[in-house]
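A.B. asks: This is the content of target-v3.pdb (PDB, C-alpha atoms and all ligand atoms):
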```
ATOM      1  CA  MET A   1     -37.223  13.585 -26.242  1.00  0.00           C
ATOM      2  CA  ASN A   2     -37.657  16.920 -24.569  1.00  0.00           C
ATOM      3  CA  LYS A   3     -34.548  19.011 -25.268  1.00  0.00           C
ATOM      4  CA  TYR A   4     -33.997  19.910 -21.613  1.00  0.00           C
ATOM      5  CA  LEU A   5     -34.426  16.317 -20.532  1.00  0.00           C
ATOM      6  CA  GLU A   6     -31.980  15.198 -23.166  1.00  0.00           C
ATOM      7  CA  GLU A   7     -29.422  17.693 -21.872  1.00  0.00           C
ATOM      8  CA  LEU A   8     -30.064  16.644 -18.286  1.00  0.00           C
ATOM      9  CA  VAL A   9     -29.374  13.009 -19.165  1.00  0.00           C
ATOM     10  CA  LYS A  10     -26.107  14.055 -20.803  1.00  0.00           C
ATOM     11  CA  LEU A  11     -25.097  16.275 -17.882  1.00  0.00           C
ATOM     12  CA  SER A  12     -25.828  13.579 -15.339  1.00  0.00           C
ATOM     13  CA  LYS A  13     -23.789  11.052 -17.311  1.00  0.00           C
ATOM     14  CA  PHE A  14     -20.849  13.482 -17.418  1.00  0.00           C
ATOM     15  CA  ASP A  15     -21.115  14.067 -13.669  1.00  0.00           C
ATOM     16  CA  ALA A  16     -21.206  10.339 -12.933  1.00  0.00           C
ATOM     17  CA  LYS A  17     -18.111   9.854 -15.108  1.00  0.00           C
ATOM     18  CA  ILE A  18     -16.309  12.672 -13.305  1.00  0.00           C
ATOM     19  CA  SER A  19     -17.123  11.119  -9.924  1.00  0.00           C
ATOM     20  CA  ALA A  20     -15.636   7.822 -11.065  1.00  0.00           C
ATOM     21  CA  PHE A  21     -12.230   9.314 -11.921  1.00  0.00           C
ATOM     22  CA  ASP A  22     -10.923   9.792  -8.364  1.00  0.00           C
ATOM     23  CA  PRO A  23     -11.570   6.184  -7.292  1.00  0.00           C
ATOM     24  CA  ARG A  24      -9.865   5.022 -10.475  1.00  0.00           C
ATOM     25  CA  ILE A  25      -6.762   7.130  -9.710  1.00  0.00           C
ATOM     26  CA  GLU A  26      -6.869   5.975  -6.100  1.00  0.00           C
ATOM     27  CA  SER A  27      -6.972   2.339  -7.122  1.00  0.00           C
ATOM     28  CA  GLU A  28      -3.926   2.884  -9.381  1.00  0.00           C
ATOM     29  CA  ASN A  29      -2.034   4.449  -6.467  1.00  0.00           C
ATOM     30  CA  GLU A  30      -3.099   1.612  -4.170  1.00  0.00           C
ATOM     31  CA  LYS A  31      -1.680  -0.938  -6.612  1.00  0.00           C
ATOM     32  CA  LEU A  32       1.679   0.819  -6.426  1.00  0.00           C
ATOM     33  CA  ALA A  33       1.513   1.256  -2.650  1.00  0.00           C
ATOM     34  CA  ALA A  34       1.044  -2.504  -2.201  1.00  0.00           C
ATOM     35  CA  TYR A  35       4.312  -3.137  -4.060  1.00  0.00           C
ATOM     36  CA  VAL A  36       6.135  -0.341  -2.230  1.00  0.00           C
ATOM     37  CA  ASN A  37       5.032  -1.861   1.088  1.00  0.00           C
ATOM     38  CA  VAL A  38       6.499  -5.250   0.202  1.00  0.00           C
ATOM     39  CA  ALA A  39       9.824  -3.608  -0.705  1.00  0.00           C
ATOM     40  CA  GLU A  40       9.771  -1.650   2.573  1.00  0.00           C
ATOM     41  CA  GLU A  41       9.136  -4.843   4.505  1.00  0.00           C
ATOM     42  CA  VAL A  42      12.160  -6.496   2.882  1.00  0.00           C
ATOM     43  CA  LYS A  43      14.231  -3.385   3.712  1.00  0.00           C
ATOM     44  CA  GLY A  44      13.088  -3.683   7.317  1.00  0.00           C
ATOM     45  CA  ASN A  45      14.229  -7.317   7.431  1.00  0.00           C
ATOM     46  CA  ILE A  46      17.617  -6.314   6.001  1.00  0.00           C
ATOM     47  CA  ASN A  47      18.041  -3.611   8.655  1.00  0.00           C
ATOM     48  CA  THR A  48      17.163  -6.046  11.445  1.00  0.00           C
ATOM     49  CA  LEU A  49      19.624  -8.641  10.149  1.00  0.00           C
ATOM     50  CA  GLU A  50      22.397  -6.052   9.766  1.00  0.00           C
ATOM     51  CA  THR A  51      21.883  -4.899  13.352  1.00  0.00           C
ATOM     52  CA  GLU A  52      21.899  -8.492  14.601  1.00  0.00           C
ATOM     53  CA  ILE A  53      25.080  -9.319  12.671  1.00  0.00           C
ATOM     54  CA  GLU A  54      26.754  -6.185  14.031  1.00  0.00           C
ATOM     55  CA  ASP A  55      25.738  -7.148  17.540  1.00  0.00           C
ATOM     56  CA  ILE A  56      27.095 -10.707  17.267  1.00  0.00           C
ATOM     57  CA  THR A  57      30.288  -9.516  15.551  1.00  0.00           C
ATOM     58  CA  SER A  58      30.912  -7.233  18.485  1.00  0.00           C
ATOM     59  CA  LYS A  59      30.427 -10.196  20.830  1.00  0.00           C
ATOM     60  CA  ILE A  60      33.009 -12.148  18.811  1.00  0.00           C
ATOM     61  CA  SER A  61      35.562  -9.360  19.107  1.00  0.00           C
ATOM     62  CA  LYS A  62      34.927  -9.113  22.864  1.00  0.00           C
ATOM     63  CA  ASN A  63      35.650 -12.822  23.139  1.00  0.00           C
ATOM     64  CA  ASN A  64      38.812 -12.367  21.059  1.00  0.00           C
ATOM     65  CA  MET A  65      39.972  -9.575  23.392  1.00  0.00           C
ATOM     66  CA  HIS A  66      39.244 -11.797  26.343  1.00  0.00           C
ATOM     67  CA  LEU A  67      41.278 -14.592  24.716  1.00  0.00           C
ATOM     68  CA  ALA A  68      44.243 -12.255  24.295  1.00  0.00           C
ATOM     69  CA  GLU A  69      44.000 -11.287  27.976  1.00  0.00           C
ATOM     70  CA  LEU A  70      43.844 -14.926  29.005  1.00  0.00           C
ATOM     71  CA  LYS A  71      46.851 -15.728  26.831  1.00  0.00           C
ATOM     72  CA  THR A  72      48.866 -12.978  28.580  1.00  0.00           C
ATOM     73  CA  LYS A  73      47.661 -14.278  31.922  1.00  0.00           C
ATOM     74  CA  LEU A  74      48.849 -17.818  31.085  1.00  0.00           C
ATOM     75  CA  GLU A  75      52.248 -16.452  30.073  1.00  0.00           C
ATOM     76  CA  ASP A  76      52.461 -14.603  33.404  1.00  0.00           C
ATOM     77  CA  ILE A  77      51.511 -17.762  35.292  1.00  0.00           C
ATOM     78  CA  SER A  78      54.123 -19.781  33.486  1.00  0.00           C
ATOM     79  CA  LYS A  79      56.762 -17.126  34.427  1.00  0.00           C
ATOM     80  CA  LYS A  80      55.662 -17.293  38.069  1.00  0.00           C
ATOM     81  CA  HIS A  81      56.291 -21.075  38.163  1.00  0.00           C
ATOM     82  CA  SER A  82      60.062 -20.597  38.571  1.00  0.00           C
ATOM     83  CA  ALA A  83      59.524 -18.337  41.574  1.00  0.00           C
ATOM     84  CA  VAL A  84      57.224 -20.771  43.414  1.00  0.00           C
ATOM     85  CA  LYS A  85      58.595 -21.762  46.844  1.00  0.00           C
ATOM     86  CA  THR A  86      55.874 -23.698  48.634  1.00  0.00           C
ATOM     87  CA  GLU A  87      53.459 -26.481  47.760  1.00  0.00           C
ATOM     88  CA  LYS A  88      50.581 -24.144  48.629  1.00  0.00           C
ATOM     89  CA  GLU A  89      51.803 -21.488  46.209  1.00  0.00           C
ATOM     90  CA  LEU A  90      52.155 -24.125  43.497  1.00  0.00           C
ATOM     91  CA  LYS A  91      48.615 -25.386  44.039  1.00  0.00           C
ATOM     92  CA  ALA A  92      47.202 -21.858  43.888  1.00  0.00           C
ATOM     93  CA  LEU A  93      49.099 -21.188  40.679  1.00  0.00           C
ATOM     94  CA  GLN A  94      47.916 -24.470  39.131  1.00  0.00           C
ATOM     95  CA  LEU A  95      44.331 -23.646  40.040  1.00  0.00           C
ATOM     96  CA  GLU A  96      44.659 -20.222  38.435  1.00  0.00           C
ATOM     97  CA  GLU A  97      46.111 -21.850  35.328  1.00  0.00           C
ATOM     98  CA  GLU A  98      43.274 -24.367  35.167  1.00  0.00           C
ATOM     99  CA  ILE A  99      40.607 -21.668  35.460  1.00  0.00           C
ATOM    100  CA  SER A 100      42.253 -19.598  32.718  1.00  0.00           C
ATOM    101  CA  LYS A 101      42.403 -22.596  30.410  1.00  0.00           C
ATOM    102  CA  GLU A 102      38.735 -23.330  31.048  1.00  0.00           C
ATOM    103  CA  GLN A 103      37.928 -19.729  30.233  1.00  0.00           C
ATOM    104  CA  ILE A 104      39.928 -20.021  27.002  1.00  0.00           C
ATOM    105  CA  THR A 105      37.989 -23.134  26.019  1.00  0.00           C
ATOM    106  CA  PHE A 106      34.703 -21.422  26.765  1.00  0.00           C
ATOM    107  CA  ALA A 107      35.663 -18.277  24.806  1.00  0.00           C
ATOM    108  CA  ASN A 108      36.689 -20.402  21.837  1.00  0.00           C
ATOM    109  CA  GLU A 109      33.401 -22.298  21.944  1.00  0.00           C
ATOM    110  CA  GLU A 110      31.493 -19.042  22.078  1.00  0.00           C
ATOM    111  CA  ILE A 111      33.379 -17.718  19.066  1.00  0.00           C
ATOM    112  CA  ILE A 112      32.555 -20.881  17.093  1.00  0.00           C
ATOM    113  CA  ARG A 113      28.906 -20.612  18.093  1.00  0.00           C
ATOM    114  CA  PHE A 114      28.710 -16.898  17.170  1.00  0.00           C
ATOM    115  CA  ASP A 115      30.544 -17.500  13.869  1.00  0.00           C
ATOM    116  CA  ALA A 116      27.902 -20.066  12.907  1.00  0.00           C
ATOM    117  CA  ILE A 117      25.094 -17.613  13.732  1.00  0.00           C
ATOM    118  CA  VAL A 118      26.776 -14.862  11.689  1.00  0.00           C
ATOM    119  CA  THR A 119      27.164 -17.239   8.722  1.00  0.00           C
ATOM    120  CA  THR A 120      23.458 -18.146   8.832  1.00  0.00           C
ATOM    121  CA  LYS A 121      22.385 -14.529   9.162  1.00  0.00           C
ATOM    122  CA  GLU A 122      24.676 -13.423   6.343  1.00  0.00           C
ATOM    123  CA  GLU A 123      23.089 -16.044   4.083  1.00  0.00           C
ATOM    124  CA  GLN A 124      19.639 -14.747   5.021  1.00  0.00           C
ATOM    125  CA  LEU A 125      20.856 -11.196   4.400  1.00  0.00           C
ATOM    126  CA  LYS A 126      22.034 -12.125   0.901  1.00  0.00           C
ATOM    127  CA  GLU A 127      18.646 -13.681   0.135  1.00  0.00           C
ATOM    128  CA  PHE A 128      16.845 -10.568   1.296  1.00  0.00           C
ATOM    129  CA  GLN A 129      19.158  -8.334  -0.738  1.00  0.00           C
ATOM    130  CA  VAL A 130      18.385 -10.326  -3.880  1.00  0.00           C
ATOM    131  CA  ARG A 131      14.685 -10.107  -3.020  1.00  0.00           C
ATOM    132  CA  LEU A 132      14.953  -6.332  -2.480  1.00  0.00           C
ATOM    133  CA  THR A 133      16.516  -5.845  -5.902  1.00  0.00           C
ATOM    134  CA  GLU A 134      13.616  -7.815  -7.424  1.00  0.00           C
ATOM    135  CA  GLU A 135      11.008  -5.895  -5.481  1.00  0.00           C
ATOM    136  CA  GLU A 136      12.570  -2.556  -6.401  1.00  0.00           C
ATOM    137  CA  THR A 137      12.522  -3.567 -10.058  1.00  0.00           C
ATOM    138  CA  ASN A 138       8.838  -4.493  -9.680  1.00  0.00           C
ATOM    139  CA  VAL A 139       8.098  -1.108  -8.117  1.00  0.00           C
ATOM    140  CA  LYS A 140       9.928   0.723 -10.902  1.00  0.00           C
ATOM    141  CA  GLU A 141       8.109  -1.189 -13.632  1.00  0.00           C
ATOM    142  CA  LEU A 142       4.725  -0.786 -11.994  1.00  0.00           C
ATOM    143  CA  LYS A 143       5.322   2.919 -11.401  1.00  0.00           C
ATOM    144  CA  ILE A 144       5.778   3.463 -15.129  1.00  0.00           C
ATOM    145  CA  LEU A 145       2.533   1.616 -15.807  1.00  0.00           C
ATOM    146  CA  VAL A 146       0.617   3.412 -13.053  1.00  0.00           C
ATOM    147  CA  ASP A 147       1.917   6.824 -14.167  1.00  0.00           C
ATOM    148  CA  THR A 148       0.761   6.088 -17.711  1.00  0.00           C
ATOM    149  CA  ASN A 149      -2.652   4.929 -16.504  1.00  0.00           C
ATOM    150  CA  ILE A 150      -3.102   8.012 -14.332  1.00  0.00           C
ATOM    151  CA  GLU A 151      -2.085  10.239 -17.210  1.00  0.00           C
ATOM    152  CA  ASN A 152      -4.622   8.543 -19.481  1.00  0.00           C
ATOM    153  CA  ILE A 153      -7.305   8.960 -16.838  1.00  0.00           C
ATOM    154  CA  SER A 154      -6.423  12.653 -16.570  1.00  0.00           C
ATOM    155  CA  VAL A 155      -6.694  13.112 -20.313  1.00  0.00           C
ATOM    156  CA  GLU A 156     -10.042  11.339 -20.266  1.00  0.00           C
ATOM    157  CA  ARG A 157     -11.184  13.483 -17.354  1.00  0.00           C
ATOM    158  CA  ASN A 158     -10.210  16.704 -19.122  1.00  0.00           C
ATOM    159  CA  GLU A 159     -12.216  15.618 -22.139  1.00  0.00           C
ATOM    160  CA  VAL A 160     -15.284  14.996 -20.000  1.00  0.00           C
ATOM    161  CA  TYR A 161     -14.823  18.356 -18.245  1.00  0.00           C
ATOM    162  CA  GLU A 162     -14.603  20.046 -21.619  1.00  0.00           C
ATOM    163  CA  ASP A 163     -17.727  18.350 -22.948  1.00  0.00           C
ATOM    164  CA  ARG A 164     -19.529  19.220 -19.736  1.00  0.00           C
ATOM    165  CA  SER A 165     -18.521  22.897 -19.984  1.00  0.00           C
ATOM    166  CA  LYS A 166     -19.703  23.019 -23.583  1.00  0.00           C
ATOM    167  CA  LEU A 167     -23.016  21.528 -22.561  1.00  0.00           C
ATOM    168  CA  LEU A 168     -23.391  24.012 -19.705  1.00  0.00           C
ATOM    169  CA  GLU A 169     -22.759  27.016 -21.975  1.00  0.00           C
ATOM    170  CA  LYS A 170     -26.255  26.728 -23.436  1.00  0.00           C
ATOM    171  CA  PHE A 171     -27.892  25.152 -20.432  1.00  0.00           C
ATOM    172  CA  ASP A 172     -31.096  26.586 -19.031  1.00  0.00           C
ATOM    173  CA  ASN A 173     -30.361  28.060 -15.597  1.00  0.00           C
ATOM    174  CA  LYS A 174     -33.633  27.020 -13.989  1.00  0.00           C
ATOM    175  CA  ILE A 175     -33.212  23.456 -15.167  1.00  0.00           C
ATOM    176  CA  LEU A 176     -29.647  23.435 -13.891  1.00  0.00           C
ATOM    177  CA  THR A 177     -30.693  24.646 -10.429  1.00  0.00           C
ATOM    178  CA  PHE A 178     -33.479  22.071 -10.398  1.00  0.00           C
ATOM    179  CA  TYR A 179     -30.969  19.341 -11.250  1.00  0.00           C
ATOM    180  CA  GLN A 180     -28.444  20.532  -8.665  1.00  0.00           C
ATOM    181  CA  LYS A 181     -31.072  20.456  -5.918  1.00  0.00           C
ATOM    182  CA  ILE A 182     -31.789  16.784  -6.599  1.00  0.00           C
ATOM    183  CA  LYS A 183     -28.084  16.066  -7.037  1.00  0.00           C
ATOM    184  CA  ARG A 184     -27.423  17.371  -3.529  1.00  0.00           C
ATOM    185  CA  TRP A 185     -28.953  14.210  -2.059  1.00  0.00           C
ATOM    186  CA  ALA A 186     -29.044  11.827  -5.038  1.00  0.00           C
ATOM    187  CA  VAL A 187     -25.395  12.585  -6.000  1.00  0.00           C
ATOM    188  CA  ASP A 188     -24.797  10.731  -9.279  1.00  0.00           C
ATOM    189  CA  THR A 189     -28.289   9.302  -9.586  1.00  0.00           C
ATOM    190  CA  ALA A 190     -30.244  12.548  -9.964  1.00  0.00           C
ATOM    191  CA  VAL A 191     -31.294  11.500 -13.456  1.00  0.00           C
ATOM    192  CA  VAL A 192     -32.146   7.816 -13.793  1.00  0.00           C
ATOM    193  CA  PRO A 193     -33.631   5.552 -16.432  1.00  0.00           C
ATOM    194  CA  VAL A 194     -36.899   3.701 -16.046  1.00  0.00           C
ATOM    195  CA  LYS A 195     -36.497  -0.026 -16.556  1.00  0.00           C
ATOM    196  CA  LYS A 196     -39.338  -2.557 -16.333  1.00  0.00           C
ATOM    197  CA  GLN A 197     -41.565   0.364 -15.275  1.00  0.00           C
ATOM    198  CA  ALA A 198     -39.407   0.992 -12.189  1.00  0.00           C
ATOM    199  CA  CYS A 199     -37.330   4.006 -11.176  1.00  0.00           C
ATOM    200  CA  TYR A 200     -33.648   3.044 -11.310  1.00  0.00           C
ATOM    201  CA  GLY A 201     -32.878   5.354  -8.408  1.00  0.00           C
ATOM    202  CA  CYS A 202     -35.233   4.024  -5.744  1.00  0.00           C
ATOM    203  CA  PHE A 203     -36.243   0.849  -7.608  1.00  0.00           C
ATOM    204  CA  MET A 204     -39.951   1.441  -6.915  1.00  0.00           C
ATOM    205  CA  LYS A 205     -42.524   0.630  -9.556  1.00  0.00           C
ATOM    206  CA  ILE A 206     -44.142   3.705 -11.100  1.00  0.00           C
ATOM    207  CA  ASN A 207     -47.821   3.910 -12.037  1.00  0.00           C
ATOM    208  CA  ASP A 208     -49.073   3.711 -15.633  1.00  0.00           C
ATOM    209  CA  LYS A 209     -49.868   7.423 -15.868  1.00  0.00           C
ATOM    210  CA  VAL A 210     -46.343   8.528 -14.924  1.00  0.00           C
ATOM    211  CA  TYR A 211     -44.852   5.739 -16.990  1.00  0.00           C
ATOM    212  CA  ASN A 212     -46.726   6.945 -20.071  1.00  0.00           C
ATOM    213  CA  GLU A 213     -45.418  10.465 -19.468  1.00  0.00           C
ATOM    214  CA  VAL A 214     -41.885   9.101 -19.244  1.00  0.00           C
ATOM    215  CA  ILE A 215     -42.329   7.187 -22.505  1.00  0.00           C
ATOM    216  CA  LYS A 216     -43.701  10.252 -24.254  1.00  0.00           C
ATOM    217  CA  SER A 217     -40.720  12.298 -22.979  1.00  0.00           C
ATOM    218  CA  ASP A 218     -42.522  15.566 -23.766  1.00  0.00           C
ATOM    219  CA  GLU A 219     -41.613  17.051 -20.420  1.00  0.00           C
ATOM    220  CA  ILE A 220     -39.417  16.462 -17.406  1.00  0.00           C
ATOM    221  CA  VAL A 221     -40.970  13.839 -15.131  1.00  0.00           C
ATOM    222  CA  ASN A 222     -39.956  13.143 -11.539  1.00  0.00           C
ATOM    223  CA  CYS A 223     -40.248   9.813  -9.771  1.00  0.00           C
ATOM    224  CA  PRO A 224     -43.397  10.031  -7.600  1.00  0.00           C
ATOM    225  CA  HIS A 225     -41.569   8.076  -4.876  1.00  0.00           C
ATOM    226  CA  CYS A 226     -38.113   9.664  -4.622  1.00  0.00           C
ATOM    227  CA  GLY A 227     -38.234  12.762  -6.834  1.00  0.00           C
ATOM    228  CA  ARG A 228     -35.391  11.812  -9.177  1.00  0.00           C
ATOM    229  CA  ILE A 229     -35.669  12.867 -12.809  1.00  0.00           C
ATOM    230  CA  LEU A 230     -36.806   9.960 -14.980  1.00  0.00           C
ATOM    231  CA  TYR A 231     -36.163   9.110 -18.613  1.00  0.00           C
ATOM    232  CA  LYS A 232     -36.961   6.192 -20.835  1.00  0.00           C
ATOM    233  CA  GLU A 233     -33.756   4.504 -21.683  1.00  0.00           C
ATOM    234  CA  VAL A 234     -33.288   4.021 -25.394  1.00  0.00           C
ATOM    235  CA  GLU A 235     -33.191   0.292 -26.098  1.00  0.00           C
ATOM    236  CA  GLU A 236     -29.894  -0.815 -27.415  1.00  0.00           C
ATOM    237  CA  ALA A 237     -29.999  -2.306 -30.872  1.00  0.00           C
TER     238      ALA A 237
HETATM  239 ZN    ZN A 301     -37.553   6.846  -7.574  1.00  0.00          ZN
END
```
Please express the file's structure as structure tokens.
C.D. replies:
Amino acid sequence: MNKYLEELVKLSKFDAKISAFDPRIESENEKLAAYVNVAEEVKGNINTLETEIEDITSKISKNNMHLAELKTKLEDISKKHSAVKTEKELKALQLEEEISKEQITFANEEIIRFDAIVTTKEEQLKEFQVRLTEEETNVKELKILVDTNIENISVERNEVYEDRSKLLEKFDNKILTFYQKIKRWAVDTAVVPVKKQACYGCFMKINDKVYNEVIKSDEIVNCPHCGRILYKEVEEA
């Protein structure tokens, strides 16, 4: 194979590898983000439940305060009984007593109802807290794995960069410019193999004359359809 063509194939393979590193790192970070999101969701549920429990607890204490007031009121009413002079006064006092007792019953019922809600929500809260601990453990474990993977990718990337630099040290400038011009639009497919007599960049069939030139590999041949640099891929044993 033509020496320049051989180097171009190598360079293009390095460049394609380099392009693939960022998506690989991104996909590692996405894996972690998916787990972090689940943990955040659980945290959100915990916060909502805590606010709801706080809210209902405050309603319970309001009812308790109200009960204390009503209890005082009943005591006052019972004191007033001795001072009652007329039937009318007695009836009014009895009515007041009745209303207060009804209010006490209602407040007590409300407290029972709220207590039940708090109990249910506290159970849910406990479940979510257990779940959060699990999810946080998952995140921690995955982070270690992802960090290791990213580090390995970085090492691999540095190796490719190094090999690429070495290759470029002795690279012909004109050939490099030529390659970069095609790369501007073809990105990682500036240099492509010919398979089944077709360009593997544009997938068009190439004529026999060009195909023979590619097989000979004496010089750099461009695809007559798209302009990419062509090479005959060495058959794998
Ligand atoms: Zn082509």
A.B. asks: What residues have an atom no more than 8 Å from (-36.7, 15.6, -21.2) in the file's own frame, counting all atoms listed in the file, and can you write them as a count of residues only?
C.D. replies: 14
A.B. asks: Apply the PyMOL selection byres (((chain A and resi 230) around 6) and not hetatm) to the displayed file and report the matching residues as JSON, numbers by chain.
C.D. replies: {"A": [191, 192, 193, 221, 222, 229, 231]}
A.B. asks: For the interface of chain A with ligand ZN 301 (chain A) (cut-off 12 Å, counting all atoms listed in the file), please tabulate each contacting residue of chain A alongside its nearest pair of atoms and their separation in Å to one decimal, rows sorted by chain and increasing number, as a Markdown table.
C.D. replies:
```
| residue | atom | partner | partner_atom | distance |
| --- | --- | --- | --- | --- |
| A:Ile182 | CA | A:ZN301 | ZN | 11.5 |
| A:Ala186 | CA | A:ZN301 | ZN | 10.2 |
| A:Thr189 | CA | A:ZN301 | ZN | 9.8 |
| A:Ala190 | CA | A:ZN301 | ZN | 9.6 |
| A:Val191 | CA | A:ZN301 | ZN | 9.8 |
| A:Val192 | CA | A:ZN301 | ZN | 8.3 |
| A:Pro193 | CA | A:ZN301 | ZN | 9.8 |
| A:Val194 | CA | A:ZN301 | ZN | 9.1 |
| A:Lys195 | CA | A:ZN301 | ZN | 11.4 |
| A:Gln197 | CA | A:ZN301 | ZN | 10.8 |
| A:Ala198 | CA | A:ZN301 | ZN | 7.7 |
| A:Cys199 | CA | A:ZN301 | ZN | 4.6 |
| A:Tyr200 | CA | A:ZN301 | ZN | 6.6 |
| A:Gly201 | CA | A:ZN301 | ZN | 5.0 |
| A:Cys202 | CA | A:ZN301 | ZN | 4.1 |
| A:Phe203 | CA | A:ZN301 | ZN | 6.1 |
| A:Met204 | CA | A:ZN301 | ZN | 5.9 |
| A:Lys205 | CA | A:ZN301 | ZN | 8.2 |
| A:Ile206 | CA | A:ZN301 | ZN | 8.1 |
| A:Asn207 | CA | A:ZN301 | ZN | 11.6 |
| A:Val210 | CA | A:ZN301 | ZN | 11.6 |
| A:Tyr211 | CA | A:ZN301 | ZN | 12.0 |
| A:Val221 | CA | A:ZN301 | ZN | 10.8 |
| A:Asn222 | CA | A:ZN301 | ZN | 7.8 |
| A:Cys223 | CA | A:ZN301 | ZN | 4.6 |
| A:Pro224 | CA | A:ZN301 | ZN | 6.7 |
| A:His225 | CA | A:ZN301 | ZN | 5.0 |
| A:Cys226 | CA | A:ZN301 | ZN | 4.1 |
| A:Gly227 | CA | A:ZN301 | ZN | 6.0 |
| A:Arg228 | CA | A:ZN301 | ZN | 5.6 |
| A:Ile229 | CA | A:ZN301 | ZN | 8.2 |
| A:Leu230 | CA | A:ZN301 | ZN | 8.1 |
| A:Tyr231 | CA | A:ZN301 | ZN | 11.4 |
```
A.B. asks: Here is a test: counting all atoms listed in the file, which residue of A:Leu32, A:Ile112, A:Leu132, A:Ile46 is nearest to Asn64 of chain A?
C.D. replies: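 Among A:Leu32, A:Ile112, A:Leu132, A:Ile46, it is A:Ile112 that comes nearest to Asn64 of chain A.
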A.B. asks: For a quick check of understanding, using all atoms listed in the file, which of A:Glu97, A:Val146, A:Glu136, A:Ile117 has the smallest distance to Glu30 of chain A?
C.D. replies: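 Looking only at the distances to Glu30 of chain A, the closest residue turns out to be A:Val146.
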A.B. asks: Env of Thr51 of chain A: 12 Å cut, atoms = all atoms listed in the file, seq-sep filter 6 positions within chain, self excluded. Answer as a PyMOL selection string.
C.D. replies: chain A and resi 44-45+57-58+118+121-122+125
A.B. asks: Find the residue from A:Lys79, A:Asn108, A:Ser19, A:Thr48 that sits nearest to Lys62 of chain A; use all atoms listed in the file when measuring.
C.D. replies: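 Closest to Lys62 of chain A of all the choices is A:Asn108.
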A.B. asks: As a check of understanding, name the residues that the PyMOL selection byres (((chain A and resi 149-166) around 10) and not hetatm) selects in the supplied structure, as a list in words.
C.D. replies: Lys10, Leu11, Ser12, Lys13, Phe14, Asp15, Lys17, Ile18, Ser19, Ala20, Phe21, Asp22, Arg24, Ile25, Glu26, Ser27, Glu28, Asn29, Lys143, Ile144, Leu145, Val146, Asp147, Thr148, Leu167, Leu168, Glu169, Lys170 and Phe171 of chain A
A.B. asks: Show me, as AutoDock Vina command-line options, the centre and edge lengths in Å to one decimal of the axis-aligned box that covers every listed atom of segment 69-79 of chain A with 4 Å on each side.
C.D. replies:
```
--center_x 50.3 --center_y -15.5 --center_z 31.1 --size_x 20.9 --size_y 16.5 --size_z 16.5
```
A.B. asks: Please check which residues have atoms at most 10 Å from (48.8, -20.2, 39.5) in the file's coordinates, counting all atoms listed in the file, and write them as a list of chain:residue names.
C.D. replies: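 Collected hits near the coordinates: A:Lys73, A:Leu74, A:Asp76, A:Ile77, A:Ser78, A:Lys79, A:Lys80, A:His81, A:Val84, A:Glu89, A:Leu90, A:Lys91, A:Ala92, A:Leu93, A:Gln94, A:Leu95, A:Glu96, A:Glu97, A:Glu98, A:Ile99, A:Ser100.
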A.B. asks: Could you please determine the separation between atom CA of Pro23 of chain A and atom CA of Val139 of chain A in Å, to one decimal place?
C.D. replies: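 Value for the atom CA of Pro23 of chain A-atom CA of Val139 of chain A distance: 21.0 Å.
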A.B. asks: So how many Å separate atom CA of Ile53 of chain A and atom CA of Ala68 of chain A, to one decimal?
C.D. replies: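 Separating atom CA of Ile53 of chain A from atom CA of Ala68 of chain A is a distance of 22.6 Å.
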A.B. asks: What is the atom CA of Ile56 of chain A to atom CA of Phe106 of chain A distance in Å?
C.D. replies: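 Answer for the atom CA of Ile56 of chain A to atom CA of Phe106 of chain A separation: 16.2 Å.
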A.B. asks: Pick the closest to Glu110 of chain A from A:Lys183, A:Ser61, A:Leu49, A:Lys196: which is it, counting all atoms listed in the file?
C.D. replies: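 Under the stated criterion, the closest residue is A:Ser61.
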A.B. asks: Measuring between only C-alpha atoms, which one of A:Lys181, A:Arg131, A:Arg113, A:His66 shows the shortest distance to Val42 of chain A?
C.D. replies: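 Using only C-alpha atoms, the shortest distance to Val42 of chain A belongs to A:Arg131.
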A.B. asks: Report as a compact mmCIF listing (two decimals) with C-alpha atoms, in the frame of the given file all protein, DNA and RNA residues lying within 12 Å of Met65 of chain A, evaluated on only C-alpha atoms, omitting residues in the same chain fewer than 5 positions from it.
C.D. replies:
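Once written, part16.txt looks like this:
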```
# COMPACT_ATOMS: atom_id res chain seq x y z
CA SER A 58 30.91 -7.23 18.48
CA LYS A 59 30.43 -10.20 20.83
CA ILE A 60 33.01 -12.15 18.81
CA LEU A 70 43.84 -14.93 29.00
CA LYS A 71 46.85 -15.73 26.83
CA THR A 72 48.87 -12.98 28.58
CA ILE A 104 39.93 -20.02 27.00
CA ALA A 107 35.66 -18.28 24.81
CA ASN A 108 36.69 -20.40 21.84
CA ILE A 111 33.38 -17.72 19.07
```
A.B. asks: Given all atoms listed in the file as the basis, pick out the residue of A:Glu87, A:Glu52, A:Glu213, A:Glu233 nearest to Gln124 of chain A.
C.D. replies: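 Among the listed residues, the smallest separation from Gln124 of chain A belongs to A:Glu52.
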